[in-house]
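Engineer: You'll find start_4.cif just under this line, and it carries mmCIF, C-alpha atoms.
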data_structure
loop_
_atom_site.label_atom_id
_atom_site.label_comp_id
_atom_site.auth_asym_id
_atom_site.auth_seq_id
_atom_site.Cartn_x
_atom_site.Cartn_y
_atom_site.Cartn_z
CA MET A 261 23.56 -27.37 -1.72
CA ASP A 262 22.75 -30.61 0.12
CA ILE A 263 19.42 -32.30 -0.49
CA ILE A 264 17.65 -33.81 2.51
CA ARG A 265 14.92 -36.38 2.03
CA LEU A 266 12.11 -36.47 4.59
CA THR A 267 9.61 -39.27 5.04
CA PRO A 268 6.46 -39.13 7.21
CA SER A 269 8.28 -40.75 10.13
CA ASP A 270 10.97 -38.02 10.25
CA GLU A 271 10.84 -35.45 13.04
CA PHE A 272 10.72 -32.48 10.67
CA PHE A 273 8.07 -33.89 8.31
CA PRO A 274 5.07 -31.54 8.73
CA GLN A 275 2.23 -33.45 10.44
CA GLU A 276 -0.40 -31.40 8.62
CA LEU A 277 0.65 -32.86 5.28
CA LYS A 278 -0.34 -36.37 6.36
CA THR A 279 -4.04 -35.56 6.33
CA ILE A 280 -4.49 -33.59 3.13
CA THR A 281 -5.89 -35.10 -0.05
CA SER A 282 -3.18 -37.04 -1.85
CA PRO A 283 -0.59 -36.72 0.94
CA PRO A 284 3.04 -36.60 -0.25
CA LYS A 285 5.06 -39.76 0.36
CA GLU A 286 8.31 -37.91 0.68
CA LEU A 287 9.69 -34.39 0.68
CA TYR A 288 13.00 -33.22 -0.70
CA CYS A 289 14.48 -30.19 1.07
CA ILE A 290 17.39 -27.82 0.70
CA GLY A 291 18.11 -25.30 3.44
CA ASN A 292 16.90 -24.58 6.94
CA LEU A 293 14.61 -27.42 8.07
CA ARG A 294 13.92 -25.60 11.34
CA LEU A 295 11.60 -23.23 9.42
CA LEU A 296 9.12 -26.12 9.40
CA LYS A 297 8.78 -25.54 13.14
CA ASN A 298 7.81 -21.87 12.65
CA ARG A 299 4.23 -20.76 12.27
CA ARG A 300 3.61 -20.60 8.53
CA ILE A 301 1.48 -18.26 6.39
CA ALA A 302 1.20 -18.50 2.61
CA VAL A 303 1.42 -15.37 0.48
CA VAL A 304 0.40 -16.07 -3.10
CA GLY A 305 -0.87 -14.37 -6.24
CA SER A 306 -0.63 -14.23 -9.97
CA ARG A 307 2.43 -14.18 -12.20
CA LYS A 308 0.72 -11.29 -13.96
CA CYS A 309 0.59 -8.44 -11.51
CA THR A 310 0.93 -4.71 -11.09
CA ALA A 311 3.33 -2.49 -9.17
CA TYR A 312 0.63 -2.33 -6.48
CA GLY A 313 0.52 -6.11 -6.06
CA LYS A 314 4.32 -6.37 -6.00
CA THR A 315 4.67 -3.70 -3.34
CA VAL A 316 1.98 -5.17 -1.10
CA SER A 317 3.39 -8.67 -1.49
CA GLN A 318 6.90 -7.55 -0.60
CA SER A 319 5.75 -5.49 2.39
CA LEU A 320 3.59 -8.34 3.68
CA GLY A 321 6.38 -10.88 3.25
CA LYS A 322 8.78 -8.66 5.14
CA LYS A 323 6.37 -7.84 7.95
CA LEU A 324 5.38 -11.49 8.47
CA SER A 325 9.01 -12.53 8.51
CA LEU A 326 9.92 -9.85 11.05
CA SER A 327 7.27 -11.43 13.29
CA GLY A 328 9.01 -14.77 12.99
CA ILE A 329 6.49 -16.24 10.58
CA ALA A 330 7.76 -18.46 7.76
CA VAL A 331 6.35 -17.07 4.51
CA VAL A 332 5.27 -19.90 2.22
CA SER A 333 5.01 -19.35 -1.52
CA GLY A 334 5.60 -21.03 -4.87
CA LEU A 335 8.81 -19.49 -6.29
CA ALA A 336 6.80 -18.22 -9.27
CA ARG A 337 7.25 -14.91 -11.07
CA GLY A 338 5.30 -11.94 -9.88
CA ILE A 339 3.59 -12.01 -6.47
CA ASP A 340 5.37 -15.17 -5.19
CA ARG A 341 8.76 -13.70 -6.02
CA GLN A 342 8.04 -10.45 -4.18
CA ALA A 343 6.73 -12.32 -1.13
CA HIS A 344 9.95 -14.36 -0.93
CA ILE A 345 12.06 -11.22 -1.42
CA GLY A 346 10.15 -9.40 1.32
CA ALA A 347 10.76 -12.28 3.72
CA LEU A 348 14.46 -12.32 2.82
CA GLU A 349 14.54 -8.63 3.74
CA GLY A 350 13.02 -9.61 7.07
CA ILE A 351 14.82 -12.41 8.85
CA GLY A 352 14.99 -14.72 5.82
CA SER A 353 12.17 -17.00 7.01
CA THR A 354 10.68 -18.18 3.75
CA ILE A 355 9.70 -21.58 2.35
CA ALA A 356 9.47 -22.10 -1.41
CA VAL A 357 7.33 -25.05 -2.44
CA MET A 358 8.41 -26.12 -5.91
CA ALA A 359 6.49 -28.03 -8.59
CA THR A 360 9.67 -29.15 -10.33
CA GLY A 361 12.22 -31.58 -8.93
CA ILE A 362 14.22 -30.10 -6.05
CA ASP A 363 17.32 -29.65 -8.21
CA LYS A 364 15.70 -27.67 -11.03
CA CYS A 365 14.86 -24.00 -10.87
CA TYR A 366 11.76 -22.86 -12.73
CA PRO A 367 11.40 -20.16 -13.90
CA ILE A 368 15.06 -19.51 -14.76
CA SER A 369 14.51 -15.83 -13.99
CA ASN A 370 14.17 -16.79 -10.32
CA ARG A 371 17.52 -18.56 -10.19
CA ASP A 372 18.94 -15.89 -7.86
CA LEU A 373 16.01 -16.42 -5.52
CA TYR A 374 16.39 -20.21 -5.66
CA GLU A 375 20.04 -19.88 -4.58
CA ARG A 376 19.31 -17.41 -1.79
CA ILE A 377 16.38 -19.36 -0.38
CA GLY A 378 18.48 -22.53 -0.49
CA LYS A 379 20.97 -20.75 1.80
CA GLU A 380 18.79 -18.54 3.99
CA GLY A 381 15.35 -20.14 3.77
CA LEU A 382 13.99 -23.54 2.77
CA LEU A 383 13.28 -25.10 -0.62
CA ILE A 384 10.83 -28.02 -0.68
CA SER A 385 9.60 -30.35 -3.39
CA GLU A 386 7.76 -33.66 -3.30
CA ASN A 387 9.58 -34.48 -6.53
CA PRO A 388 13.10 -35.90 -6.55
CA PRO A 389 16.15 -34.57 -8.39
CA GLY A 390 15.90 -35.25 -12.11
CA TYR A 391 12.09 -35.33 -12.07
CA ASN A 392 10.44 -34.40 -15.39
CA CYS A 393 7.89 -31.82 -14.47
CA ARG A 394 4.54 -31.54 -16.34
CA ARG A 395 1.92 -28.76 -16.33
CA PHE A 396 -0.28 -30.75 -13.94
CA ASP A 397 2.41 -30.55 -11.27
CA PHE A 398 1.86 -26.83 -10.76
CA PRO A 399 -1.76 -26.83 -9.56
CA HIS A 400 -1.03 -30.12 -7.76
CA ARG A 401 1.79 -28.43 -5.81
CA ASN A 402 -0.63 -25.76 -4.57
CA ARG A 403 -2.24 -28.22 -2.13
CA LEU A 404 1.13 -28.34 -0.34
CA ILE A 405 1.33 -24.54 -0.12
CA SER A 406 -2.05 -24.38 1.58
CA GLY A 407 -1.42 -27.63 3.46
CA LEU A 408 1.71 -26.27 5.10
CA SER A 409 0.13 -22.98 6.15
CA GLU A 410 -2.28 -21.88 8.87
CA GLY A 411 -3.66 -19.24 6.57
CA ILE A 412 -3.22 -17.86 3.10
CA VAL A 413 -3.21 -14.32 1.74
CA VAL A 414 -3.99 -13.89 -1.94
CA VAL A 415 -2.39 -10.57 -2.86
CA GLU A 416 -3.38 -9.96 -6.46
CA ALA A 417 -4.95 -12.27 -8.99
CA PRO A 418 -7.10 -11.95 -12.11
CA LEU A 419 -10.06 -14.26 -12.63
CA ARG A 420 -8.20 -17.29 -13.95
CA SER A 421 -5.24 -17.68 -11.67
CA GLY A 422 -3.60 -20.68 -10.08
CA SER A 423 -3.54 -18.82 -6.78
CA LEU A 424 -7.34 -19.00 -6.70
CA ILE A 425 -7.00 -22.79 -6.79
CA THR A 426 -4.65 -22.53 -3.81
CA ALA A 427 -7.28 -20.44 -2.00
CA GLU A 428 -9.92 -23.06 -2.76
CA LYS A 429 -7.74 -25.88 -1.43
CA ALA A 430 -7.04 -23.82 1.67
CA ALA A 431 -10.76 -23.36 2.26
CA ASP A 432 -11.29 -27.11 1.80
CA GLN A 433 -8.54 -27.77 4.33
CA GLY A 434 -10.25 -25.41 6.80
CA LYS A 435 -7.55 -22.75 6.64
CA GLU A 436 -8.12 -18.99 6.87
CA VAL A 437 -8.25 -17.25 3.50
CA PHE A 438 -7.48 -13.54 3.17
CA ALA A 439 -7.55 -11.47 0.01
CA ILE A 440 -6.19 -8.02 -0.72
CA PRO A 441 -8.82 -5.93 -2.48
CA GLY A 442 -8.02 -3.90 -5.56
CA ASN A 443 -9.77 -1.35 -7.72
CA ILE A 444 -12.88 -2.88 -9.23
CA THR A 445 -11.75 -1.54 -12.61
CA SER A 446 -8.52 -3.49 -12.36
CA PHE A 447 -8.33 -6.72 -14.36
CA PHE A 448 -5.49 -7.87 -12.12
CA SER A 449 -7.57 -7.69 -8.95
CA MET A 450 -10.75 -9.32 -10.16
CA GLY A 451 -9.84 -12.69 -8.71
CA CYS A 452 -9.14 -11.26 -5.26
CA ASN A 453 -12.24 -9.10 -5.26
CA SER A 454 -14.40 -12.07 -6.19
CA LEU A 455 -12.81 -14.15 -3.41
CA ILE A 456 -13.90 -11.46 -0.97
CA ARG A 457 -17.39 -11.48 -2.41
CA ASP A 458 -17.42 -15.26 -1.94
CA GLY A 459 -16.37 -15.15 1.70
CA ALA A 460 -12.60 -14.59 1.98
CA LYS A 461 -11.55 -12.03 4.59
CA ALA A 462 -10.84 -8.61 3.14
CA VAL A 463 -7.60 -6.98 4.23
CA SER A 464 -7.95 -3.23 4.59
CA VAL A 465 -4.54 -2.77 6.25
CA LEU A 466 -1.78 -5.40 6.59
CA ASN A 467 -2.33 -5.47 10.36
CA ASP A 468 -5.74 -7.09 9.77
CA VAL A 469 -3.95 -10.36 8.97
CA PHE A 470 -1.83 -10.11 12.10
CA LEU A 471 -4.74 -9.33 14.43
CA ASP A 472 -6.96 -12.03 12.95
CA MET A 473 -4.27 -14.73 13.09
CA ASN A 474 -3.01 -13.60 16.49
CA ILE A 475 0.46 -12.77 15.22
CA GLU A 476 2.50 -10.19 17.08
CA ILE A 477 2.90 -7.03 15.02
CA PRO A 478 6.60 -6.15 14.57
CA GLU A 479 7.80 -2.72 15.70
CA ASN A 480 7.58 -0.16 12.96
CA VAL A 481 11.00 0.00 11.39
CA VAL A 482 10.57 3.30 9.57
CA LYS A 483 12.17 6.10 11.55
CA ALA A 484 11.34 9.24 9.64
CA GLU A 485 13.29 11.32 12.17
CA ASN A 486 16.54 10.01 10.72
CA LEU A 487 15.96 11.94 7.53
CA GLY A 488 17.69 15.18 6.52
CA LYS A 489 15.61 18.25 5.65
CA ASP A 490 15.56 17.71 1.88
CA GLU A 491 15.14 13.96 2.30
CA LYS A 492 12.10 14.58 4.45
CA ILE A 493 10.59 16.85 1.77
CA VAL A 494 10.83 14.12 -0.83
CA TYR A 495 9.70 11.40 1.57
CA ASP A 496 6.60 13.37 2.61
CA ILE A 497 5.51 13.89 -0.99
CA ILE A 498 5.79 10.19 -1.78
CA ASN A 499 4.00 9.36 1.47
CA ILE A 500 1.03 11.63 0.76
CA ARG A 501 0.75 10.69 -2.90
CA GLY A 502 1.04 6.95 -2.35
CA GLU A 503 3.24 6.56 -5.40
CA SER A 504 5.39 9.00 -7.38
CA THR A 505 7.55 9.12 -10.46
CA THR A 506 10.88 10.93 -10.69
CA GLU A 507 9.25 13.43 -13.03
CA SER A 508 6.46 14.32 -10.61
CA LEU A 509 8.95 14.68 -7.76
CA TYR A 510 11.10 16.95 -9.90
CA LYS A 511 8.10 19.17 -10.57
CA SER A 512 6.99 19.24 -6.94
CA THR A 513 10.35 19.92 -5.36
CA GLY A 514 12.19 22.00 -7.92
CA PHE A 515 15.38 20.11 -6.98
CA ASP A 516 17.63 19.56 -9.97
CA HIS A 517 17.92 16.02 -11.27
CA PRO A 518 21.32 15.13 -9.78
CA LYS A 519 20.19 16.33 -6.36
CA LEU A 520 16.87 14.50 -6.58
CA SER A 521 18.59 11.31 -7.77
CA GLY A 522 20.93 11.51 -4.81
CA ILE A 523 18.08 11.95 -2.34
CA LEU A 524 16.12 9.05 -3.82
CA THR A 525 19.17 6.80 -3.57
CA VAL A 526 19.70 7.74 0.08
CA LEU A 527 16.03 7.10 0.86
CA GLU A 528 16.23 3.71 -0.87
CA MET A 529 19.39 2.81 1.02
CA LYS A 530 17.78 3.81 4.33
CA GLY A 531 14.99 1.46 3.39
CA VAL A 532 12.23 4.03 3.83
CA ILE A 533 11.14 3.99 0.20
CA THR A 534 11.05 1.30 -2.42
CA SER A 535 10.60 1.39 -6.16
CA SER A 536 8.71 -0.72 -8.62
CA MET A 537 8.26 -0.24 -12.35
CA GLY A 538 9.44 3.35 -12.36
CA LYS A 539 7.38 4.46 -9.37
CA PHE A 540 8.48 5.13 -5.81
CA PHE A 541 6.48 3.99 -2.79
CA VAL A 542 6.86 4.51 0.92
CA GLU A 543 8.03 1.37 2.71
CA LYS A 544 5.03 1.52 4.98
CA ILE A 545 5.38 -1.69 6.91
CA MET B 48 9.70 -6.28 -21.35
CA LYS B 49 9.11 -10.00 -21.37
CA LYS B 50 11.38 -10.40 -24.36
CA LEU B 51 14.33 -8.78 -22.64
CA SER B 52 15.66 -10.93 -19.83
CA GLY B 53 17.24 -9.72 -16.63
CA PRO B 54 20.82 -10.40 -17.75
CA ILE B 55 20.25 -8.44 -20.95
CA MET B 56 18.61 -5.52 -19.14
CA GLU B 57 21.51 -5.38 -16.69
CA ARG B 58 23.87 -4.82 -19.60
CA ILE B 59 22.12 -1.58 -20.55
CA ASP B 60 23.86 1.26 -18.74
CA LEU B 61 21.12 3.78 -18.20
CA HIS B 62 17.51 3.17 -17.28
CA ILE B 63 15.27 6.18 -17.15
CA TYR B 64 11.51 6.10 -16.74
CA MET B 65 9.73 8.70 -18.78
CA GLU B 66 6.19 9.91 -18.76
CA PRO B 67 4.24 11.27 -21.71
CA LEU B 68 4.25 15.09 -21.86
CA ASN B 69 0.99 16.89 -21.77
CA TYR B 70 0.51 19.64 -24.33
CA GLY B 71 1.19 22.53 -21.93
CA GLU B 72 4.49 21.02 -20.76
CA PHE B 73 5.53 20.38 -24.32
CA LEU B 74 5.10 24.06 -25.26
CA GLU B 75 6.88 25.34 -22.14
CA SER B 76 10.16 23.49 -22.59
CA THR B 77 12.38 24.88 -19.84
CA GLY B 78 15.70 23.44 -18.83
CA MET B 79 19.08 23.11 -20.45
CA GLY B 80 19.39 23.98 -24.14
CA SER B 81 21.01 21.73 -26.71
CA LYS B 82 24.10 23.92 -27.08
CA GLU B 83 24.85 23.80 -23.38
CA MET B 84 24.37 20.03 -23.32
CA LYS B 85 26.62 19.66 -26.36
CA ASP B 86 29.41 21.58 -24.65
CA ILE B 87 29.23 19.52 -21.50
CA ILE B 88 29.30 16.28 -23.46
CA ALA B 89 32.11 17.41 -25.73
CA ASN B 90 34.17 18.32 -22.70
CA ALA B 91 33.53 14.98 -21.03
CA ARG B 92 34.47 13.20 -24.25
CA LYS B 93 37.72 15.12 -24.39
CA ILE B 94 38.58 14.11 -20.84
CA GLN B 95 37.98 10.47 -21.74
CA LYS B 96 40.02 10.71 -24.93
CA ASP B 97 42.95 12.08 -22.95
CA ARG B 98 42.53 9.52 -20.22
CA PHE B 99 42.72 6.61 -22.61
CA ARG B 100 45.33 7.98 -25.00
CA ASP B 101 47.72 5.11 -24.24
CA PHE B 102 45.00 2.50 -24.60
CA ASP B 103 42.85 1.41 -27.52
CA ILE B 104 39.54 2.60 -26.11
CA THR B 105 38.01 6.07 -26.13
CA LEU B 106 35.05 5.92 -23.73
CA ASN B 107 34.46 5.10 -20.06
CA SER B 108 31.92 2.42 -20.96
CA GLN B 109 34.65 0.48 -22.75
CA MET B 110 36.73 0.08 -19.61
CA GLU B 111 37.29 -3.38 -18.25
CA GLY B 112 38.94 -4.86 -15.16
CA ASN B 113 42.32 -3.18 -14.58
CA LEU B 114 41.37 0.03 -16.31
CA ILE B 115 38.39 0.48 -14.02
CA GLU B 116 40.68 0.10 -11.03
CA THR B 117 43.21 2.53 -12.46
CA PHE B 118 40.94 5.30 -13.65
CA CYS B 119 37.91 5.21 -11.38
CA ASN B 120 39.58 7.01 -8.48
CA ILE B 121 36.84 7.28 -5.94
CA ASP B 122 36.91 8.94 -2.52
CA SER B 123 36.19 6.97 0.65
CA ALA B 124 32.63 8.27 0.99
CA GLY B 125 31.92 7.14 -2.58
CA LYS B 126 33.45 3.72 -1.90
CA GLU B 127 31.32 3.38 1.20
CA MET B 128 28.16 4.28 -0.75
CA LEU B 129 28.87 1.60 -3.35
CA ARG B 130 29.59 -0.98 -0.68
CA LYS B 131 26.33 -0.25 1.16
CA ALA B 132 24.33 -0.34 -2.05
CA PHE B 133 25.80 -3.74 -2.88
CA GLU B 134 25.14 -5.15 0.59
CA LYS B 135 21.53 -4.02 0.53
CA HIS B 136 21.10 -5.78 -2.80
CA ILE B 137 20.41 -2.46 -4.50
CA LEU B 138 23.34 -3.27 -6.78
CA THR B 139 24.18 -6.71 -8.11
CA PRO B 140 27.69 -7.81 -9.16
CA ARG B 141 26.82 -6.88 -12.75
CA THR B 142 25.23 -3.50 -12.01
CA TYR B 143 27.98 -2.59 -9.50
CA GLN B 144 30.64 -2.20 -12.20
CA ARG B 145 28.28 -0.50 -14.55
CA THR B 146 27.26 2.03 -11.90
CA LEU B 147 30.91 2.75 -11.16
CA LYS B 148 31.56 3.55 -14.82
CA VAL B 149 28.45 5.70 -15.08
CA SER B 150 29.60 7.57 -11.95
CA ARG B 151 32.97 8.13 -13.64
CA THR B 152 31.18 9.79 -16.53
CA ILE B 153 29.02 11.89 -14.22
CA ALA B 154 32.19 13.08 -12.48
CA ASP B 155 33.74 13.86 -15.87
CA MET B 156 30.71 15.94 -16.86
CA GLU B 157 31.20 17.96 -13.70
CA GLY B 158 34.90 18.30 -14.44
CA SER B 159 35.82 16.41 -11.27
CA GLU B 160 39.03 14.38 -11.08
CA ASN B 161 37.72 12.12 -8.34
CA ILE B 162 34.43 10.28 -8.12
CA ASN B 163 32.62 11.33 -4.94
CA SER B 164 29.50 10.04 -3.21
CA ASN B 165 27.22 12.50 -5.04
CA HIS B 166 28.32 11.10 -8.37
CA VAL B 167 27.73 7.59 -7.08
CA MET B 168 24.31 8.44 -5.67
CA GLU B 169 23.20 9.84 -8.99
CA GLY B 170 24.69 6.89 -10.85
CA ILE B 171 22.81 4.41 -8.69
CA GLN B 172 19.48 5.86 -9.86
CA TYR B 173 20.23 4.86 -13.45
CA ARG B 174 20.68 1.18 -12.66
CA SER B 175 18.58 -1.63 -14.01
CA ARG B 176 15.89 -2.38 -11.46
CA LEU B 177 14.56 -5.52 -12.99
CA ASN B 178 16.22 -7.91 -10.60
CA GLY B 179 13.23 -7.42 -8.33
CA TYR B 180 15.33 -6.42 -5.38
CA ASN B 181 15.25 -2.87 -6.71
#
Take the structure in this file and express it as structure tokens.

Structural biologist:
Amino acid sequence: MDIIRLTPSDEFFPQELKTITSPPKELYCIGNLRLLKNRRIAVVGSRKCTAYGKTVSQSLGKKLSLSGIAVVSGLARGIDRQAHIGALEGIGSTIAVMATGIDKCYPISNRDLYERIGKEGLLISENPPGYNCRRFDFPHRNRLISGLSEGIVVVEAPLRSGSLITAEKAADQGKEVFAIPGNITSFFSMGCNSLIRDGAKAVSVLNDVFLDMNIEIPENVVKAENLGKDEKIVYDIINIRGESTTESLYKSTGFDHPKLSGILTVLEMKGVITSSMGKFFVEKI
Amino acid sequence: MKKLSGPIMERIDLHIYMEPLNYGEFLESTGMGSKEMKDIIANARKIQKDRFRDFDITLNSQMEGNLIETFCNIDSAGKEMLRKAFEKHILTPRTYQRTLKVSRTIADMEGSENINSNHVMEGIQYRSRLNGYN
């Protein structure tokens, strides 16, 4: 994968990054530079997250990408990863802003994502190949995530999360900050809920972000009419419940396990449901 | 879960999510009895023993490379299902082979010579989902 070095005088160097605090002197890039010409929205959150946060992050990433938006995130575990994956399921418009040098992939568990984004999206780092990354580089990198984006959506974060720093920098930079609310009993959503209390825009449905930022809403891809009779039975149960386990579907349908497994696979392949941590969700985007 | 990495999890053949039973369910216990299960398994084991009699393995999971090609005779609908699953990133290169072998065993348990798309569809549900692409 070829590394391209951009300086402030280069055509593709994002103008917005010249006026942030501590502007980067250079940017190292691998992938599709043209994504820097797209409208850009950051989707961020904690490394520690729930199946809820992962699903929302993935759906949002996909929906934004299908609208032609470049989804900006930090290549971290958890919410960032799902946002990038969602965008790759869209048209592949995603930008990963890395804290490490451009040639190193951290965390190693996201190596597959690093490779794919290098081919289909864009990897960016202000640090050159061979750079020895320190802990400070991670919060420092967050100013680039918010700097590159018109707005930022914090999907799920507990009280002490780096993504809250990103939200703060975004607010300082005058960018729109959205937060996805969660149950008030949920430790993992306390950061987002407190952002809303402190003035971030609450998202009650994903379309809120699109309407507020004047982004065209992509056509709904889910065509439930393409489902067979038994497939529709299973789909409807998952749709009404919001999330289901194989066990609960087995009890509700009475289908034997091989048959139910088959139906779930077909529904996953058709892209109308998705699974996370043992639960199935409707791909509602 | 943090201690088991993706590559390790992908090497485990069957992943099944289970929920705790409530007391009522526990008392009810419907479904297949142990004897019936034992017979099905014994039969599948016999098929595998016969299949590999000229080789030094005894189980489908032990198959590698050429043997998979030779013994996992799969109909065109089944092949198509595997291909689609791979393209949609539902299967990775590692889980693809594993799913094929699991489907071979599912077909054996049904007493079917060929692997068909139903066997593949069931096999796909047992895959490791930790790669995040699901």

Engineer: How far is it from CA of Ile500 (chain A) to CA of Leu61 (chain B), in Å with one decimal?

Structural biologist: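 If I compute the distance from CA of Ile500 (chain A) to CA of Leu61 (chain B), I get 28.7 Å.
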
Engineer: Give the residues of chain B that lie within 6 Å of chain A; count all atoms listed in the file, and format the answer as a PyMOL selection string.

Structural biologist: chain B and resi 64+168-169+172

Engineer: What's the 8 Å shell around region 129-143 of chain B, counting all atoms listed in the file, without same-chain residues fewer than 2 positions away, as a ChimeraX atom specification?

Structural biologist: /A:529 /B:57-58,125-127,145-147,167,171,174-175,180-181

Engineer: Which protein, DNA or RNA residues have an atom at most 10 Å from (1.8, -12.7, 4.0), counting only C-alpha atoms? List them as a PyMOL selection string.

Structural biologist: chain A and resi 300-304+316-325+329-333+343-344+346-347+411-415+438+466+469-470

Engineer: What is the distance between CA of Gly350 (chain A) and CA of Lys297 (chain A), in Å to one decimal?

Structural biologist: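 Taking CA of Gly350 (chain A) and CA of Lys297 (chain A), their separation equals 17.6 Å.
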
Engineer: Given the file above and the PyMOL selection byres ((chain A and resi 359) around 6), which residues are selected, and can you give them as number ranges by chain?

Structural biologist: A: 358, 360, 397-398, 401

Engineer: For this structure, which residues satisfy the selection - the PyMOL selection byres ((chain A and resi 283-285) around 9) - when it is evaluated on the file as given? I want them as a ChimeraX atom specification.

Structural biologist: /A:266-268,277-282,286-287,386,404

Engineer: Using C-alpha atoms, can you write the selected residues to a file as a compact mmCIF listing (two decimals), keeping the file's coordinate frame?

Structural biologist:
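Writing the result to again19.txt gives the following:
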# COMPACT_ATOMS: atom_id res chain seq x y z
CA LEU A 266 12.11 -36.47 4.59
CA THR A 267 9.61 -39.27 5.04
CA PRO A 268 6.46 -39.13 7.21
CA LEU A 277 0.65 -32.86 5.28
CA LYS A 278 -0.34 -36.37 6.36
CA THR A 279 -4.04 -35.56 6.33
CA ILE A 280 -4.49 -33.59 3.13
CA THR A 281 -5.89 -35.10 -0.05
CA SER A 282 -3.18 -37.04 -1.85
CA GLU A 286 8.31 -37.91 0.68
CA LEU A 287 9.69 -34.39 0.68
CA GLU A 386 7.76 -33.66 -3.30
CA LEU A 404 1.13 -28.34 -0.34

Engineer: What separation in Å, quoted to one decimal, exists between CA of Met56 (chain B) and CA of Arg176 (chain B)?

Structural biologist: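 Separation of CA of Met56 (chain B) and CA of Arg176 (chain B): 8.7 Å.
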
Engineer: Set the distance at 10 Å and use all atoms listed in the file: which residues neighbour Leu295 (chain A) once local chain neighbours fewer than 2 positions away are removed? I'd like the list as a ChimeraX atom specification.

Structural biologist: /A:272,291-293,297-300,328-331,352-355,381-382

Engineer: Could you check the closest approach to Thr315 (chain A) for each of A:Ile377, A:Ile497, A:Leu383, A:Ile440 and tell me which residue wins, using all atoms listed in the file?

Structural biologist: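 Closest residue, counting all atoms listed in the file: A:Ile440.
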
Engineer: Step by step, work through what the PyMOL selection byres ((chain B and resi 84-88) around 12) selects in the shown file, and finish by giving those residues as a PyMOL selection string.

Structural biologist: chain B and resi 78-83+89-95+106+152-158

Engineer: What lies within 10 Å of Glu111 (chain B) using all atoms listed in the file, ignoring chain neighbours under 4 positions off, as a list of chain:residue names?

Structural biologist: B:Asn107, B:Ile115, B:Glu116, B:Gln144, B:Lys148

Engineer: Within 8 Å of Ser421 (chain A), counting all atoms listed in the file, which residues qualify if same-chain residues fewer than 5 places away don't, as a compact mmCIF listing (two decimals) with C-alpha atoms, in the coordinates of the input?

Structural biologist:
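After the write, selection36.txt holds the following:
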# COMPACT_ATOMS: atom_id res chain seq x y z
CA GLY A 305 -0.87 -14.37 -6.24
CA SER A 306 -0.63 -14.23 -9.97
CA GLY A 451 -9.84 -12.69 -8.71

Engineer: Given only C-alpha atoms as the basis, pick out the residue of B:Val149, B:Leu74, B:Ala124, B:Met65 nearest to Ser108 (chain B).

Structural biologist: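 The closest residue to Ser108 (chain B) is B:Val149.
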
Engineer: Given only C-alpha atoms as the basis, pick out the residue of A:Glu479, A:Asp270, A:Asp468, A:Asp363 nearest to Gly378 (chain A).

Structural biologist: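 Of A:Glu479, A:Asp270, A:Asp468, A:Asp363, the one nearest Gly378 (chain A), counting only C-alpha atoms, is A:Asp363.
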
Engineer: Can region 154-164 of chain B be brought up to N, CA and C atoms and written out as an mmCIF file, keeping the file's coordinate frame?

Structural biologist:
data_model
loop_
_atom_site.group_PDB
_atom_site.id
_atom_site.type_symbol
_atom_site.label_atom_id
_atom_site.label_comp_id
_atom_site.auth_asym_id
_atom_site.auth_seq_id
_atom_site.Cartn_x
_atom_site.Cartn_y
_atom_site.Cartn_z
ATOM 1 N N ALA B 154 31.107 12.252 -13.042
ATOM 2 C CA ALA B 154 32.190 13.080 -12.480
ATOM 3 C C ALA B 154 32.890 13.849 -13.595
ATOM 4 N N ASP B 155 33.112 13.194 -14.729
ATOM 5 C CA ASP B 155 33.740 13.860 -15.870
ATOM 6 C C ASP B 155 32.908 15.048 -16.325
ATOM 7 N N MET B 156 31.592 14.877 -16.385
ATOM 8 C CA MET B 156 30.710 15.940 -16.860
ATOM 9 C C MET B 156 30.750 17.134 -15.922
ATOM 10 N N GLU B 157 31.095 16.881 -14.667
ATOM 11 C CA GLU B 157 31.200 17.960 -13.700
ATOM 12 C C GLU B 157 32.611 18.502 -13.675
ATOM 13 N N GLY B 158 33.507 17.877 -14.422
ATOM 14 C CA GLY B 158 34.900 18.300 -14.440
ATOM 15 C C GLY B 158 35.648 17.898 -13.175
ATOM 16 N N SER B 159 35.178 16.843 -12.515
ATOM 17 C CA SER B 159 35.820 16.410 -11.270
ATOM 18 C C SER B 159 36.789 15.263 -11.496
ATOM 19 N N GLU B 160 37.984 15.396 -10.932
ATOM 20 C CA GLU B 160 39.030 14.380 -11.080
ATOM 21 C C GLU B 160 38.632 13.079 -10.362
ATOM 22 N N ASN B 161 38.125 13.274 -9.144
ATOM 23 C CA ASN B 161 37.720 12.120 -8.340
ATOM 24 C C ASN B 161 36.228 11.878 -8.404
ATOM 25 N N ILE B 162 35.851 10.596 -8.225
ATOM 26 C CA ILE B 162 34.430 10.280 -8.120
ATOM 27 C C ILE B 162 34.065 10.432 -6.639
ATOM 28 N N ASN B 163 33.046 11.233 -6.332
ATOM 29 C CA ASN B 163 32.620 11.330 -4.940
ATOM 30 C C ASN B 163 31.241 10.706 -4.741
ATOM 31 N N SER B 164 30.755 10.759 -3.507
ATOM 32 C CA SER B 164 29.500 10.040 -3.210
ATOM 33 C C SER B 164 28.314 10.636 -3.954
#
